[in-house]
Every structure is written in C-alpha cells, then in structure tokens.
Amino acid sequence: MAHLSNTIEAYILELLGERGGKLEIQRNLLAEQFACAPSQINYVLTTRFTPYKGYYVESRRGGGGYIRIVQVQLDQVDDLLASYQEEVGQEITKDRADQVLDSLEEGKLLSAREARLLQIALSDRSLEGAKSQKNHIRASILQNLLLAIFS
C-alpha cells in the first residue's frame with residue numbers, strides 16, 4: 001500500500017511541476033489510472049498534500065467532482081506560517097510534531113540535523129515530567145519555533 005501511495009504522490013508532484021504548481025484532476029480518473037479505490041487517492045491527499053506541507057487542496061464530490069491542488073509559493077510566507085500554526089494549535093502529539101518538523105526539513109527551512117534535534121527535544125521522553133501537559137508544552141515550543149523560523 002505504501003508503494004502505491006508513493007507512486008500516486010510522485011505522479012501528482014510531477015503534474016504539479018509541469019503545470020506551475022496548480023492542478024485540477026478528477027479523483028475517479030486518477031483512481032482508474034492507478035487501479036485503486038478513490039479512497040486511496042483521498043488518503044494520499046490528506047497525508048501528503050496538506051497545508052503544513054505547502055499545499056492547498058480543494059475537492060468537490062459527485063459525478064463531475066474534481067480535486068484542485070495548489071502549491072503554496074515561497075512568497076506566501078505569512079500564509080504558510082498561519083497554516084503551520086493552525087496545524088500545531090494548542091496541543092500536538094509527538095507523531096504530528098514529527099510530521100511538521102519533517103515538512104519544515106523538506107521545505108529547506110530546517111536542516112536534517114536541526115529537525116532531528118528538535119524531534120528529540122519534543123519527544124515524550126524529553127517531556128516526561130510534564131505528564132498530562134506534554135502535548136500542550138510541545139505545541140507551545142513548536143509555535144515559538146515557527147515564529148523564529150518565519151521571522
């Protein structure tokens with residue numbers, strides 16, 4: 001399943017590159033092309049084309065339904081910061097924080113070493129003394145990090 005998801009993601013990224021970062025495509029046609037269920041396409045979109053990874057996805061269901069994917073441009077830094085901040089919110093799990101850090105690394109906003117160090121700093125083990133406040137403290141640290149990166 002992961003291989004298929006990677007293939008679908010690569011295909012969509014290729015199309016986005018060819019079309020200047022904007023793509024409109026029918027979900028059913030994409031599913032037919034990869035011989036998979038439309039839900040597999042939804043999975044790829046919701047996990048790999050998210051605002052905090054620099055994408056805006058709009059979809060319309062039904063017979064004439066479509067998926068519109070727009071890649072956020074680097075000159076839209078304020079929008080990207082707002083997307084990250086919204087994703088982090090007031091609380092964030094370790095796994096979700098790792099995804100945000102991976103996205104920042106992919107976007108070249110953090111080096112691989114910086115991302116790894118931050119993942120360790122935000123780990124459950126590092127926040128062990130916080131008990132029930134781990135996710136809140138993790139979000140607060142990540143929010144401050146985002147402000148520093150985008151300032």
# chains A, B, ... in the order shown; residues from 1 in each chain; ligands from 1

$ closest_atom_pairs --of "region 27-139 of chain A" --to "region 14-17 of chain A" --cutoff "9 Å" --atoms "only C-alpha atoms" --output "Markdown table"
| residue | atom | partner | partner_atom | distance |
| --- | --- | --- | --- | --- |
| A:Ile69 | CA | A:Leu16 | CA | 8.0 |
| A:Val70 | CA | A:Leu16 | CA | 8.0 |
| A:Gln71 | CA | A:Leu16 | CA | 7.7 |

$ write_last_selection --atoms "N, CA and C atoms" --output "compact mmCIF listing (two decimals), in the first residue's frame"
# COMPACT_ATOMS: atom_id res chain seq x y z
N ILE A 69 -5.40 21.07 -6.52
CA ILE A 69 -4.25 21.15 -5.63
C ILE A 69 -3.42 22.36 -6.06
N VAL A 70 -3.10 23.21 -5.09
CA VAL A 70 -2.28 24.38 -5.37
C VAL A 70 -1.09 24.35 -4.42
N GLN A 71 0.09 24.46 -4.98
CA GLN A 71 1.30 24.50 -4.16
C GLN A 71 1.51 25.94 -3.71

$ select_by_dssp --residues "region 8-117 of chain A" --states "alpha helix (DSSP H)" --output "ChimeraX atom specification"
/A:8-18,27-33,38-48,77-88,94-106,112-117

$ residues_around --residues "region 134-150 of chain A" --least-positions-apart "3" --cutoff "6 Å" --atoms "only C-alpha atoms" --output "list in words"
Val88, Gln90, Glu91, Ile92, Thr93, Leu122, Leu127, Ala130 and Lys131 of chain A

$ closest_residue --among "A:Leu101, A:Arg68, A:Pro51, A:Ser5" --to "Leu81 (chain A)" --atoms "only C-alpha atoms"
A:Pro51

$ residues_around --residues "Leu117 (chain A)" --least-positions-apart "5" --cutoff "12 Å" --atoms "only C-alpha atoms" --output "PyMOL selection string"
chain A and resi 98+101-102+105+110-112+122-123+126
